[in-house]
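S.K.: File follows, entry.pdb with PDB, C-alpha atoms:
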```pdb
ATOM      1  CA  MET J   1      64.923  -0.083 -56.452
ATOM      2  CA  ASN J   2      65.423   2.462 -59.231
ATOM      3  CA  PHE J   3      62.262   4.152 -60.514
ATOM      4  CA  GLU J   4      62.971   2.910 -64.045
ATOM      5  CA  ASN J   5      62.639  -0.711 -62.927
ATOM      6  CA  ILE J   6      59.319  -0.485 -61.102
ATOM      7  CA  ARG J   7      56.501  -2.597 -62.475
ATOM      8  CA  LEU J   8      53.451  -0.325 -62.830
ATOM      9  CA  GLU J   9      50.117  -2.080 -62.400
ATOM     10  CA  LYS J  10      46.604  -0.725 -61.885
ATOM     11  CA  GLU J  11      46.447  -2.588 -58.558
ATOM     12  CA  LEU J  12      48.450   0.302 -57.102
ATOM     13  CA  TYR J  13      45.186   2.248 -57.155
ATOM     14  CA  GLY J  14      43.337  -0.321 -55.079
ATOM     15  CA  ILE J  15      45.358  -0.328 -51.851
ATOM     16  CA  THR J  16      43.082   0.635 -48.958
ATOM     17  CA  GLY J  17      43.978   3.931 -47.332
ATOM     18  CA  LYS J  18      46.654   4.808 -49.871
ATOM     19  CA  SER J  19      46.624   6.969 -52.941
ATOM     20  CA  PHE J  20      48.404   5.832 -56.074
ATOM     21  CA  THR J  21      51.291   8.224 -55.381
ATOM     22  CA  LYS J  22      51.608   7.125 -51.756
ATOM     23  CA  ALA J  23      51.696   3.473 -52.758
ATOM     24  CA  LEU J  24      54.254   4.267 -55.452
ATOM     25  CA  THR J  25      56.360   6.325 -53.039
ATOM     26  CA  GLU J  26      56.606   3.406 -50.636
ATOM     27  CA  ILE J  27      58.186   1.410 -53.452
ATOM     28  CA  ASP J  28      60.289   4.342 -54.667
ATOM     29  CA  PRO J  29      60.994   6.710 -51.707
ATOM     30  CA  ASP J  30      61.674  10.375 -52.475
ATOM     31  CA  GLU J  31      64.660  10.482 -50.111
ATOM     32  CA  ASN J  32      66.586   8.165 -52.436
ATOM     33  CA  TYR J  33      66.946  11.054 -54.890
ATOM     34  CA  LYS J  34      68.390  13.770 -52.675
ATOM     35  CA  GLY J  35      71.313  15.423 -54.416
ATOM     36  CA  THR J  36      70.332  14.011 -57.817
ATOM     37  CA  ALA J  37      68.685  15.517 -60.868
ATOM     38  CA  TYR J  38      65.380  13.993 -59.681
ATOM     39  CA  GLU J  39      65.330  15.758 -56.316
ATOM     40  CA  GLY J  40      62.088  17.705 -55.945
ATOM     41  CA  LEU J  41      60.062  15.298 -58.083
ATOM     42  CA  ASP J  42      57.598  12.935 -56.455
ATOM     43  CA  ALA J  43      57.221   9.272 -57.391
ATOM     44  CA  PHE J  44      54.556   9.978 -60.025
ATOM     45  CA  GLU J  45      56.603  12.746 -61.641
ATOM     46  CA  ARG J  46      59.609  10.441 -61.821
ATOM     47  CA  GLN J  47      57.487   7.954 -63.764
ATOM     48  CA  LEU J  48      56.532  10.697 -66.219
ATOM     49  CA  LYS J  49      60.268  11.255 -66.713
ATOM     50  CA  ARG J  50      60.801   7.532 -67.156
ATOM     51  CA  PHE J  51      58.317   7.331 -70.014
ATOM     52  CA  ASP J  52      59.287  10.768 -71.347
ATOM     53  CA  ILE J  53      55.754  12.103 -70.992
ATOM     54  CA  LYS J  54      55.750  15.901 -71.077
ATOM     55  CA  VAL J  55      52.497  17.290 -69.669
ATOM     56  CA  SER J  56      53.115  21.014 -70.261
ATOM     57  CA  GLY J  57      55.278  23.502 -72.089
ATOM     58  CA  SER J  58      56.232  23.996 -75.727
ATOM     59  CA  GLU J  59      57.155  20.299 -76.130
ATOM     60  CA  CYS J  60      53.990  19.018 -74.446
ATOM     61  CA  ASP J  61      52.995  15.546 -75.659
ATOM     62  CA  ARG J  62      49.615  14.380 -76.897
ATOM     63  CA  VAL J  63      47.285  12.325 -74.707
ATOM     64  CA  GLU J  64      48.111   9.168 -76.644
ATOM     65  CA  LYS J  65      51.651   9.277 -75.214
ATOM     66  CA  PHE J  66      50.245   7.817 -71.994
ATOM     67  CA  PHE J  67      49.120   4.746 -73.938
ATOM     68  CA  VAL J  68      52.392   3.759 -75.573
ATOM     69  CA  ASN J  69      52.339   0.630 -73.413
ATOM     70  CA  THR J  70      50.305  -0.888 -70.588
ATOM     71  CA  GLU J  71      52.605   0.438 -67.871
ATOM     72  CA  SER J  72      52.600   4.058 -68.970
ATOM     73  CA  ALA J  73      48.805   3.855 -69.315
ATOM     74  CA  VAL J  74      48.605   3.205 -65.563
ATOM     75  CA  LEU J  75      49.799   6.789 -65.021
ATOM     76  CA  PHE J  76      46.829   8.333 -66.829
ATOM     77  CA  PRO J  77      44.221   8.093 -64.014
ATOM     78  CA  GLU J  78      46.638   9.761 -61.581
ATOM     79  CA  TYR J  79      47.264  12.581 -64.051
ATOM     80  CA  ILE J  80      43.505  13.051 -64.360
ATOM     81  CA  ARG J  81      43.053  13.028 -60.567
ATOM     82  CA  ARG J  82      45.791  15.616 -60.110
ATOM     83  CA  MET J  83      44.384  17.976 -62.708
ATOM     84  CA  ILE J  84      40.858  17.691 -61.283
ATOM     85  CA  LYS J  85      42.181  18.309 -57.782
ATOM     86  CA  LYS J  86      44.176  21.294 -59.010
ATOM     87  CA  GLY J  87      40.995  22.731 -60.515
ATOM     88  CA  MET J  88      39.195  22.164 -57.241
ATOM     89  CA  GLU J  89      41.909  23.944 -55.283
ATOM     90  CA  GLU J  90      41.923  26.904 -57.671
ATOM     91  CA  ALA J  91      38.161  27.441 -57.258
ATOM     92  CA  SER J  92      37.834  26.601 -53.571
ATOM     93  CA  ILE J  93      36.833  29.071 -50.867
ATOM     94  CA  LEU J  94      37.827  26.610 -48.139
ATOM     95  CA  PRO J  95      41.407  27.890 -47.636
ATOM     96  CA  GLU J  96      39.911  31.272 -46.659
ATOM     97  CA  THR J  97      37.088  29.868 -44.523
ATOM     98  CA  ALA J  98      38.139  26.614 -42.826
ATOM     99  CA  ALA J  99      39.599  26.799 -39.322
ATOM    100  CA  ALA J 100      40.309  23.060 -39.318
ATOM    101  CA  VAL J 101      40.340  20.178 -41.784
ATOM    102  CA  SER J 102      39.695  16.581 -40.709
ATOM    103  CA  TYR J 103      39.875  13.289 -42.583
ATOM    104  CA  ILE J 104      37.667  10.359 -41.551
ATOM    105  CA  ASP J 105      36.731   6.942 -42.896
ATOM    106  CA  THR J 106      32.985   7.063 -42.153
ATOM    107  CA  VAL J 107      30.048   8.833 -43.799
ATOM    108  CA  ASP J 108      29.093  10.975 -40.791
ATOM    109  CA  TYR J 109      30.911  12.826 -38.069
ATOM    110  CA  ARG J 110      30.108  14.605 -34.801
ATOM    111  CA  SER J 111      32.254  17.681 -34.607
ATOM    112  CA  LEU J 112      33.063  19.921 -31.641
ATOM    113  CA  VAL J 113      30.848  22.895 -30.828
ATOM    114  CA  MET J 114      32.080  25.838 -28.772
ATOM    115  CA  SER J 115      29.991  28.307 -26.751
ATOM    116  CA  VAL J 116      30.892  31.201 -24.454
ATOM    117  CA  SER J 117      28.994  32.334 -21.355
ATOM    118  CA  GLY J 118      29.457  34.749 -18.471
ATOM    119  CA  SER J 119      30.996  38.198 -18.119
ATOM    120  CA  ASP J 120      34.700  38.894 -18.504
ATOM    121  CA  THR J 121      34.510  41.044 -15.371
ATOM    122  CA  VAL J 122      34.449  38.801 -12.304
ATOM    123  CA  ALA J 123      33.325  40.094  -8.939
ATOM    124  CA  GLU J 124      34.936  38.783  -5.792
ATOM    125  CA  GLY J 125      33.635  35.302  -5.245
ATOM    126  CA  GLY J 126      31.729  35.437  -8.519
ATOM    127  CA  ALA J 127      31.502  32.746 -11.174
ATOM    128  CA  LEU J 128      34.173  32.671 -13.825
ATOM    129  CA  PRO J 129      33.179  33.124 -17.463
ATOM    130  CA  ALA J 130      33.267  29.814 -19.277
ATOM    131  CA  THR J 131      34.042  28.507 -22.722
ATOM    132  CA  THR J 132      32.221  25.214 -23.149
ATOM    133  CA  VAL J 133      33.114  22.584 -25.729
ATOM    134  CA  THR J 134      30.686  19.765 -26.478
ATOM    135  CA  LEU J 135      29.963  17.328 -29.241
ATOM    136  CA  ALA J 136      27.404  18.554 -31.771
ATOM    137  CA  ASN J 137      23.848  17.402 -31.046
ATOM    138  CA  SER J 138      23.647  15.757 -34.445
ATOM    139  CA  ALA J 139      26.220  14.267 -36.754
ATOM    140  CA  THR J 140      27.364  16.029 -39.887
ATOM    141  CA  ARG J 141      26.530  13.660 -42.713
ATOM    142  CA  LEU J 142      29.078  13.845 -45.473
ATOM    143  CA  THR J 143      27.871  14.624 -48.970
ATOM    144  CA  LYS J 144      29.130  12.907 -52.093
ATOM    145  CA  LEU J 145      29.752  15.462 -54.821
ATOM    146  CA  ALA J 146      30.536  14.021 -58.217
ATOM    147  CA  ARG J 147      30.943  14.856 -61.866
ATOM    148  CA  LYS J 148      31.221  12.814 -65.048
ATOM    149  CA  LEU J 149      33.107  13.765 -68.192
ATOM    150  CA  SER J 150      31.943  11.970 -71.313
ATOM    151  CA  CYS J 151      34.483  11.673 -74.097
ATOM    152  CA  THR J 152      36.080   9.064 -76.309
ATOM    153  CA  TYR J 153      39.688   8.124 -76.677
ATOM    154  CA  GLU J 154      39.448   9.024 -80.352
ATOM    155  CA  SER J 155      38.351  12.569 -79.493
ATOM    156  CA  ILE J 156      41.196  13.282 -77.073
ATOM    157  CA  ARG J 157      44.111  11.098 -78.191
ATOM    158  CA  LYS J 158      45.601  13.754 -80.487
ATOM    159  CA  GLN J 159      45.000  16.624 -78.065
ATOM    160  CA  ARG J 160      47.895  18.170 -76.207
ATOM    161  CA  ILE J 161      47.996  16.892 -72.634
ATOM    162  CA  GLU J 162      48.145  20.453 -71.311
ATOM    163  CA  ALA J 163      44.984  21.419 -73.227
ATOM    164  CA  PHE J 164      43.167  18.358 -71.920
ATOM    165  CA  GLY J 165      44.340  19.365 -68.458
ATOM    166  CA  VAL J 166      42.406  22.625 -68.848
ATOM    167  CA  VAL J 167      39.209  20.592 -69.338
ATOM    168  CA  LEU J 168      39.992  18.500 -66.272
ATOM    169  CA  ARG J 169      40.685  21.565 -64.119
ATOM    170  CA  ALA J 170      37.350  23.016 -65.253
ATOM    171  CA  LEU J 171      35.694  19.767 -64.153
ATOM    172  CA  GLY J 172      37.407  20.122 -60.783
ATOM    173  CA  ALA J 173      36.210  23.721 -60.516
ATOM    174  CA  ASP J 174      32.616  22.553 -61.049
ATOM    175  CA  ILE J 175      32.944  20.100 -58.163
ATOM    176  CA  SER J 176      34.593  22.771 -56.030
ATOM    177  CA  ASN J 177      31.723  25.188 -56.683
ATOM    178  CA  ALA J 178      29.372  22.545 -55.300
ATOM    179  CA  VAL J 179      31.613  22.192 -52.233
ATOM    180  CA  ASN J 180      31.599  25.991 -51.861
ATOM    181  CA  ALA J 181      27.793  25.995 -51.940
ATOM    182  CA  LEU J 182      27.713  23.295 -49.278
ATOM    183  CA  ALA J 183      30.102  25.314 -47.112
ATOM    184  CA  ALA J 184      28.099  28.535 -47.479
ATOM    185  CA  SER J 185      24.850  26.742 -46.637
ATOM    186  CA  SER J 186      26.327  24.936 -43.621
ATOM    187  CA  LEU J 187      27.921  28.109 -42.258
ATOM    188  CA  SER J 188      24.805  30.274 -42.527
ATOM    189  CA  SER J 189      22.138  27.719 -41.592
ATOM    190  CA  GLY J 190      20.036  28.960 -38.674
ATOM    191  CA  ILE J 191      21.769  32.362 -38.497
ATOM    192  CA  THR J 192      19.346  35.316 -38.369
ATOM    193  CA  ALA J 193      20.368  37.853 -41.001
ATOM    194  CA  SER J 194      20.708  41.559 -40.348
ATOM    195  CA  THR J 195      19.742  44.023 -43.086
ATOM    196  CA  ILE J 196      21.248  47.038 -44.800
ATOM    197  CA  ALA J 197      19.971  50.510 -43.935
ATOM    198  CA  GLY J 198      19.002  51.669 -47.422
ATOM    199  CA  SER J 199      17.983  50.196 -50.749
ATOM    200  CA  SER J 200      21.541  49.357 -51.814
ATOM    201  CA  ILE J 201      24.659  48.418 -49.920
ATOM    202  CA  ALA J 202      26.799  51.243 -48.564
ATOM    203  CA  TYR J 203      30.217  51.312 -46.983
ATOM    204  CA  SER J 204      28.574  52.116 -43.632
ATOM    205  CA  ASP J 205      26.587  48.850 -43.901
ATOM    206  CA  LEU J 206      29.807  46.874 -44.301
ATOM    207  CA  ALA J 207      31.467  48.659 -41.396
ATOM    208  CA  ALA J 208      28.464  48.088 -39.131
ATOM    209  CA  PHE J 209      28.272  44.432 -40.194
ATOM    210  CA  TRP J 210      31.937  43.938 -39.387
ATOM    211  CA  ALA J 211      31.544  45.610 -35.995
ATOM    212  CA  SER J 212      28.482  43.489 -35.150
ATOM    213  CA  MET J 213      30.660  40.418 -34.536
ATOM    214  CA  SER J 214      31.402  40.937 -30.855
ATOM    215  CA  GLU J 215      32.503  37.427 -29.858
ATOM    216  CA  ALA J 216      35.023  36.957 -32.658
ATOM    217  CA  ASN J 217      36.941  38.916 -35.273
ATOM    218  CA  MET J 218      35.332  38.954 -38.705
ATOM    219  CA  ASN J 219      38.155  38.611 -41.229
ATOM    220  CA  VAL J 220      36.355  37.163 -44.275
ATOM    221  CA  MET J 221      33.154  38.078 -46.099
ATOM    222  CA  LEU J 222      31.679  35.649 -48.624
ATOM    223  CA  CYS J 223      29.801  37.512 -51.383
ATOM    224  CA  SER J 224      28.131  36.710 -54.670
ATOM    225  CA  PRO J 225      29.927  38.131 -57.734
ATOM    226  CA  ALA J 226      27.280  40.858 -58.129
ATOM    227  CA  VAL J 227      27.432  41.936 -54.497
ATOM    228  CA  MET J 228      31.218  41.875 -54.545
ATOM    229  CA  ALA J 229      31.192  44.085 -57.647
ATOM    230  CA  ASN J 230      28.934  46.565 -55.853
ATOM    231  CA  ILE J 231      31.286  46.650 -52.876
ATOM    232  CA  LEU J 232      34.364  47.138 -55.054
ATOM    233  CA  ALA J 233      32.604  50.034 -56.777
ATOM    234  CA  LEU J 234      32.205  51.948 -53.504
ATOM    235  CA  ASP J 235      34.357  55.074 -53.301
ATOM    236  CA  GLU J 236      35.927  53.909 -50.037
ATOM    237  CA  MET J 237      37.207  50.714 -51.682
ATOM    238  CA  LYS J 238      39.286  52.710 -54.150
ATOM    239  CA  LEU J 239      41.766  53.150 -51.328
ATOM    240  CA  VAL J 240      42.687  49.441 -51.449
ATOM    241  CA  VAL J 241      42.966  48.972 -55.218
ATOM    242  CA  SER J 242      46.760  49.152 -55.123
ATOM    243  CA  ASP J 243      46.865  46.321 -52.584
ATOM    244  CA  TYR J 244      44.602  44.220 -54.805
ATOM    245  CA  MET J 245      46.929  44.821 -57.752
ATOM    246  CA  LYS J 246      49.861  43.541 -55.689
ATOM    247  CA  THR J 247      48.273  40.530 -53.995
ATOM    248  CA  GLY J 248      45.180  39.614 -56.029
ATOM    249  CA  ARG J 249      43.102  39.784 -52.834
ATOM    250  CA  ALA J 250      40.289  42.279 -52.277
ATOM    251  CA  VAL J 251      40.593  43.502 -48.695
ATOM    252  CA  THR J 252      38.533  46.225 -47.043
ATOM    253  CA  PRO J 253      40.348  49.126 -45.329
ATOM    254  CA  TYR J 254      39.652  47.441 -41.985
ATOM    255  CA  GLY J 255      41.249  44.164 -43.034
ATOM    256  CA  VAL J 256      38.388  41.912 -44.135
ATOM    257  CA  THR J 257      39.066  39.747 -47.182
ATOM    258  CA  LEU J 258      36.240  39.602 -49.733
ATOM    259  CA  VAL J 259      35.783  36.134 -51.227
ATOM    260  CA  LYS J 260      33.588  35.509 -54.268
ATOM    261  CA  CYS J 261      31.045  32.710 -53.813
ATOM    262  CA  GLN J 262      28.705  32.036 -56.747
ATOM    263  CA  SER J 263      26.213  30.046 -54.671
ATOM    264  CA  LEU J 264      25.167  33.229 -52.832
ATOM    265  CA  ALA J 265      23.879  34.808 -56.062
ATOM    266  CA  SER J 266      20.257  33.762 -55.462
ATOM    267  CA  SER J 267      20.060  35.227 -51.961
ATOM    268  CA  GLY J 268      22.381  38.216 -52.329
ATOM    269  CA  ASN J 269      23.485  37.629 -48.743
ATOM    270  CA  ILE J 270      26.947  38.267 -47.358
ATOM    271  CA  ILE J 271      28.338  35.732 -44.894
ATOM    272  CA  GLY J 272      30.856  37.236 -42.495
ATOM    273  CA  ILE J 273      33.102  34.819 -40.638
ATOM    274  CA  ASP J 274      36.074  34.587 -38.341
ATOM    275  CA  SER J 275      38.010  32.011 -40.303
ATOM    276  CA  THR J 276      40.095  31.029 -37.272
ATOM    277  CA  LYS J 277      37.151  29.486 -35.401
ATOM    278  CA  ALA J 278      34.032  29.304 -37.570
ATOM    279  CA  ALA J 279      34.147  25.988 -39.385
ATOM    280  CA  GLU J 280      35.613  22.523 -39.691
ATOM    281  CA  VAL J 281      35.775  20.832 -43.079
ATOM    282  CA  ILE J 282      35.512  17.048 -42.967
ATOM    283  CA  TYR J 283      36.665  14.835 -45.835
ATOM    284  CA  GLY J 284      35.603  11.221 -46.111
ATOM    285  CA  SER J 285      37.754  10.769 -49.198
ATOM    286  CA  ASP J 286      40.262  12.450 -51.404
ATOM    287  CA  VAL J 287      39.319  13.014 -55.038
ATOM    288  CA  LEU J 288      38.313   9.582 -56.328
ATOM    289  CA  ILE J 289      38.568   8.456 -59.952
ATOM    290  CA  ASP J 290      36.907   5.345 -61.344
ATOM    291  CA  THR J 291      40.226   3.865 -62.434
ATOM    292  CA  ASP J 292      38.981   0.467 -63.616
ATOM    293  CA  ARG J 293      36.373   1.978 -65.915
ATOM    294  CA  LEU J 294      38.815   4.575 -67.169
ATOM    295  CA  LEU J 295      41.419   2.004 -68.193
ATOM    296  CA  SER J 296      38.986  -0.607 -69.509
ATOM    297  CA  THR J 297      36.648   1.564 -71.591
ATOM    298  CA  GLN J 298      39.241   3.714 -73.374
ATOM    299  CA  ASN J 299      38.068   6.901 -71.610
ATOM    300  CA  ARG J 300      34.472   6.841 -72.786
ATOM    301  CA  GLU J 301      33.648   8.269 -69.407
ATOM    302  CA  ILE J 302      35.676   9.858 -66.624
ATOM    303  CA  SER J 303      33.873   9.977 -63.285
ATOM    304  CA  CYS J 304      35.231  11.624 -60.163
ATOM    305  CA  SER J 305      33.858  12.340 -56.713
ATOM    306  CA  VAL J 306      34.698  13.655 -53.266
ATOM    307  CA  LEU J 307      32.995  12.987 -49.926
ATOM    308  CA  VAL J 308      32.856  16.141 -47.799
ATOM    309  CA  GLY J 309      30.995  17.923 -45.025
ATOM    310  CA  VAL J 310      31.233  21.291 -43.264
ATOM    311  CA  SER J 311      30.417  21.831 -39.595
ATOM    312  CA  ARG J 312      30.075  25.151 -37.767
ATOM    313  CA  ILE J 313      32.222  25.156 -34.625
ATOM    314  CA  PHE J 314      31.332  28.512 -33.043
ATOM    315  CA  ASP J 315      28.052  30.274 -33.815
ATOM    316  CA  GLY J 316      29.483  33.606 -32.692
ATOM    317  CA  ALA J 317      32.042  33.441 -35.514
ATOM    318  CA  VAL J 318      29.388  33.671 -38.263
ATOM    319  CA  LYS J 319      27.118  36.576 -39.242
ATOM    320  CA  VAL J 320      24.809  37.057 -42.227
ATOM    321  CA  LEU J 321      23.894  40.356 -43.908
ATOM    322  CA  LYS J 322      20.922  40.595 -46.263
ATOM    323  CA  THR J 323      21.851  43.091 -48.985
ATOM    324  CA  VAL J 324      18.404  43.449 -50.563
ATOM    325  CA  ASN J 325      15.585  45.095 -48.647
ATOM    326  CA  SER J 326      12.240  43.680 -49.743
TER
END
```
Represent the structure from my file as structure tokens, please.
M.R.:
Amino acid sequence: MNFENIRLEKELYGITGKSFTKALTEIDPDENYKGTAYEGLDAFERQLKRFDIKVSGSECDRVEKFFVNTESAVLFPEYIRRMIKKGMEEASILPETAAAVSYIDTVDYRSLVMSVSGSDTVAEGGALPATTVTLANSATRLTKLARKLSCTYESIRKQRIEAFGVVLRALGADISNAVNALAASSLSSGITASTIAGSSIAYSDLAAFWASMSEANMNVMLCSPAVMANILALDEMKLVVSDYMKTGRAVTPYGVTLVKCQSLASSGNIIGIDSTKAAEVIYGSDVLIDTDRLLSTQNREISCSVLVGVSRIFDGAVKVLKTVNS
């Protein structure tokens, strides 16, 4: 079946276990377009081409272009979901902190927990050091994080789609900041914080903090914007400015990536982690949009949510540094 002949209906959003794009792709497989002008586009993007809806660039259409007819209107919730998800991805700290990502269909989850015991040096006939993996004592209950955008069709219909996309990405960033806060709290919960030597953070504090992780290799530090600014202002960090200009990543001379996390602003703490073994992120859903309400109320309200949890896998892969001596 050619993509131009597909009947678009809102029921494509209601298929259990399948996103709109996945359901559409099963009807219109991507492999059918290899070697054609549509190669590289997914099923949703081909439908945008079909209805000549331009979502960016100098010829970007207005929002009302989605509502030329009932079929093209079906594409609007998926555009919204994609923009919100893009905003979430842009603001997320999870790519730098998650060792594993799991997807489940329940509201709680018992993750694996790893512990290490014994000495690496084994005497003749002695016991071997052991790495023990067990199920967590308690289940990680997933948290629903949601946001609602109130607007009317009249207020957005004449807006450029790309400009409206900026609003949607900002909405996604707000949800992502809540996910980041959840991750920071879950990672640091129950960890006894060490403290800096003086009244303000020094390069020697960072070096000592990094070296304090003996059972893993600290490669990421989560910092509030203010603390990160203080670190970047240290004379020793001037040595890595050129690398930051090239990559956009702030990395200490000993290879630790600094990641800004707004939720740490109230505590001023730094969370140091080994991102290869510290945490598992669990999703109970992808980004969800209330499609029925969106299509039936002419956009008076756009609600979106995600179900997520974060579980610490290895306690030895997380350290906390208190940057304010009280």
S.K.: Pull the closest atom pair for each residue of region 197-266 of chain J that gets at most 12 Å from region 270-281 of chain J, along with the distance in Å to one decimal, counting all atoms listed in the file, ordering rows by chain and then ascending residue number, as a Markdown table.
M.R.:
```
| residue | atom | partner | partner_atom | distance |
| --- | --- | --- | --- | --- |
| J:Ile201 | CA | J:Ile270 | CA | 10.7 |
| J:Asp205 | CA | J:Ile270 | CA | 11.1 |
| J:Leu206 | CA | J:Ile270 | CA | 9.6 |
| J:Ala207 | CA | J:Gly272 | CA | 11.5 |
| J:Ala208 | CA | J:Gly272 | CA | 11.6 |
| J:Phe209 | CA | J:Gly272 | CA | 8.0 |
| J:Trp210 | CA | J:Gly272 | CA | 7.5 |
| J:Ala211 | CA | J:Gly272 | CA | 10.6 |
| J:Ser212 | CA | J:Gly272 | CA | 9.9 |
| J:Met213 | CA | J:Gly272 | CA | 8.6 |
| J:Ser214 | CA | J:Asp274 | CA | 10.9 |
| J:Glu215 | CA | J:Asp274 | CA | 9.6 |
| J:Ala216 | CA | J:Asp274 | CA | 6.2 |
| J:Asn217 | CA | J:Asp274 | CA | 5.4 |
| J:Met218 | CA | J:Asp274 | CA | 4.4 |
| J:Asn219 | CA | J:Asp274 | CA | 5.4 |
| J:Val220 | CA | J:Ile273 | CA | 5.4 |
| J:Met221 | CA | J:Gly272 | CA | 4.4 |
| J:Leu222 | CA | J:Ile271 | CA | 5.0 |
| J:Cys223 | CA | J:Ile270 | CA | 5.0 |
| J:Ser224 | CA | J:Ile270 | CA | 7.6 |
| J:Pro225 | CA | J:Ile270 | CA | 10.8 |
| J:Ala226 | CA | J:Ile270 | CA | 11.1 |
| J:Val227 | CA | J:Ile270 | CA | 8.0 |
| J:Met228 | CA | J:Ile270 | CA | 9.1 |
| J:Ile231 | CA | J:Ile270 | CA | 10.9 |
| J:Gly255 | CA | J:Asp274 | CA | 11.9 |
| J:Val256 | CA | J:Gly272 | CA | 9.0 |
| J:Thr257 | CA | J:Gly272 | CA | 9.8 |
| J:Leu258 | CA | J:Gly272 | CA | 9.3 |
| J:Val259 | CA | J:Ile271 | CA | 9.8 |
| J:Lys260 | CA | J:Ile270 | CA | 10.0 |
| J:Cys261 | CA | J:Ile270 | CA | 9.5 |
| J:Gln262 | CA | J:Ile270 | CA | 11.4 |
| J:Ser263 | CA | J:Ile270 | CA | 11.0 |
| J:Leu264 | CA | J:Ile270 | CA | 7.6 |
| J:Ala265 | CA | J:Ile270 | CA | 9.9 |
| J:Ser266 | CA | J:Ile270 | CA | 11.4 |
```
S.K.: Starting from the PyMOL selection byres ((chain J and resi 107-117) around 9), expand the selection into actual residues of this file and give them as a ChimeraX atom specification.
M.R.: /J:104-106,118-119,129-143,215,280,282,284,307-309,311-316
S.K.: Apply the PyMOL selection byres ((chain J and resi 45-53) around 9) to the displayed file and report the matching residues as number ranges by chain.
M.R.: J: 3-4, 38, 41-44, 54-55, 60-62, 65-66, 68, 72, 75
S.K.: Given all atoms listed in the file as the basis, pick out the residue of J:Gly14, J:Gly87, J:Pro77, J:Gly172 nearest to Ile289 (chain J).
M.R.: J:Pro77
S.K.: Could you tell me how far CA of Gly268 (chain J) lies from CA of Ala197 (chain J), in Å and to one decimal?
M.R.: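 Rounded to one decimal, the two atoms are 15.1 Å apart.
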S.K.: Which is closer to Val166 (chain J) than all the others in J:Ile84, J:Leu24, J:Cys304, J:Ala73, using only C-alpha atoms?
M.R.: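 Result for the nearest residue to Val166 (chain J): J:Ile84.
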S.K.: In Å, rounded to a single decimal, give me how far CA of Leu12 (chain J) is from CA of Phe67 (chain J).
M.R.: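 Between these atoms lies a distance of 17.4 Å.
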S.K.: Give the answer as one residue: which of J:Pro29, J:Gly40, J:Gly57, J:Gly17 has the shortest atom-to-atom distance to Asn2 (chain J), using only C-alpha atoms?
M.R.: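 Of the candidates, the smallest distance to Asn2 (chain J) is held by J:Pro29.
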S.K.: Give me, please, the distance in Å between CA of Asp286 (chain J) and CA of Glu78 (chain J), quoted to one decimal.
M.R.: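 Between CA of Asp286 (chain J) and CA of Glu78 (chain J) the gap is 12.3 Å.
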S.K.: Have a look at J:Tyr103, J:Tyr203, J:Phe164, J:Phe20 and name the one nearest to Thr291 (chain J); count all atoms listed in the file.
M.R.: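 The answer is J:Phe20, which sits nearest to Thr291 (chain J).
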S.K.: Smallest atom-to-atom distance to Arg81 (chain J): which of J:Glu64, J:Asp290, J:Glu96, J:Glu59, using all atoms listed in the file?
M.R.: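 Checking each candidate against Arg81 (chain J), we get J:Asp290 as the closest.
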S.K.: I'd like the residues picked by the PyMOL selection byres ((chain J and resi 305) around 8) written out as a CSV table (one decimal) with C-alpha atoms, in the frame of the given file, using the chain letters and numbers from the file.
M.R.:
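Listed below is the output, expr-v8.csv:
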```csv
chain,number,residue,atom,x,y,z
J,144,LYS,CA,29.1,12.9,-52.1
J,145,LEU,CA,29.8,15.5,-54.8
J,146,ALA,CA,30.5,14.0,-58.2
J,147,ARG,CA,30.9,14.9,-61.9
J,175,ILE,CA,32.9,20.1,-58.2
J,287,VAL,CA,39.3,13.0,-55.0
J,288,LEU,CA,38.3,9.6,-56.3
J,289,ILE,CA,38.6,8.5,-60.0
J,303,SER,CA,33.9,10.0,-63.3
J,304,CYS,CA,35.2,11.6,-60.2
J,306,VAL,CA,34.7,13.7,-53.3
J,307,LEU,CA,33.0,13.0,-49.9
```
S.K.: Compile the contact shell of region 235-240 of chain J as a short mmCIF file (atom, residue, chain, number, x, y, z; two decimals) with C-alpha atoms, in the coordinates of the input: residues with an atom at most 8 Å away, counting all atoms listed in the file, same-chain residues fewer than 6 positions apart removed.
M.R.:
```cif
data_model
loop_
_atom_site.label_atom_id
_atom_site.label_comp_id
_atom_site.auth_asym_id
_atom_site.auth_seq_id
_atom_site.Cartn_x
_atom_site.Cartn_y
_atom_site.Cartn_z
CA TYR J 203 30.22 51.31 -46.98
CA ALA J 250 40.29 42.28 -52.28
CA VAL J 251 40.59 43.50 -48.70
CA THR J 252 38.53 46.22 -47.04
CA PRO J 253 40.35 49.13 -45.33
#
```
S.K.: Give, as AutoDock Vina command-line options, the centre coordinates and the x, y and z edge lengths in Å to one decimal for an axis-aligned box around all listed atoms of region 255-272 of chain J, padded by 8 Å on each side.
M.R.:
```
--center_x 30.7 --center_y 37.1 --center_z -49.6 --size_x 37.2 --size_y 30.1 --size_z 30.3
```
S.K.: Measuring between all atoms listed in the file, which one of J:Leu128, J:Glu11, J:Ile27, J:Ile302 shows the shortest distance to Ile80 (chain J)?
M.R.: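 Checking each candidate against Ile80 (chain J), we get J:Ile302 as the closest.
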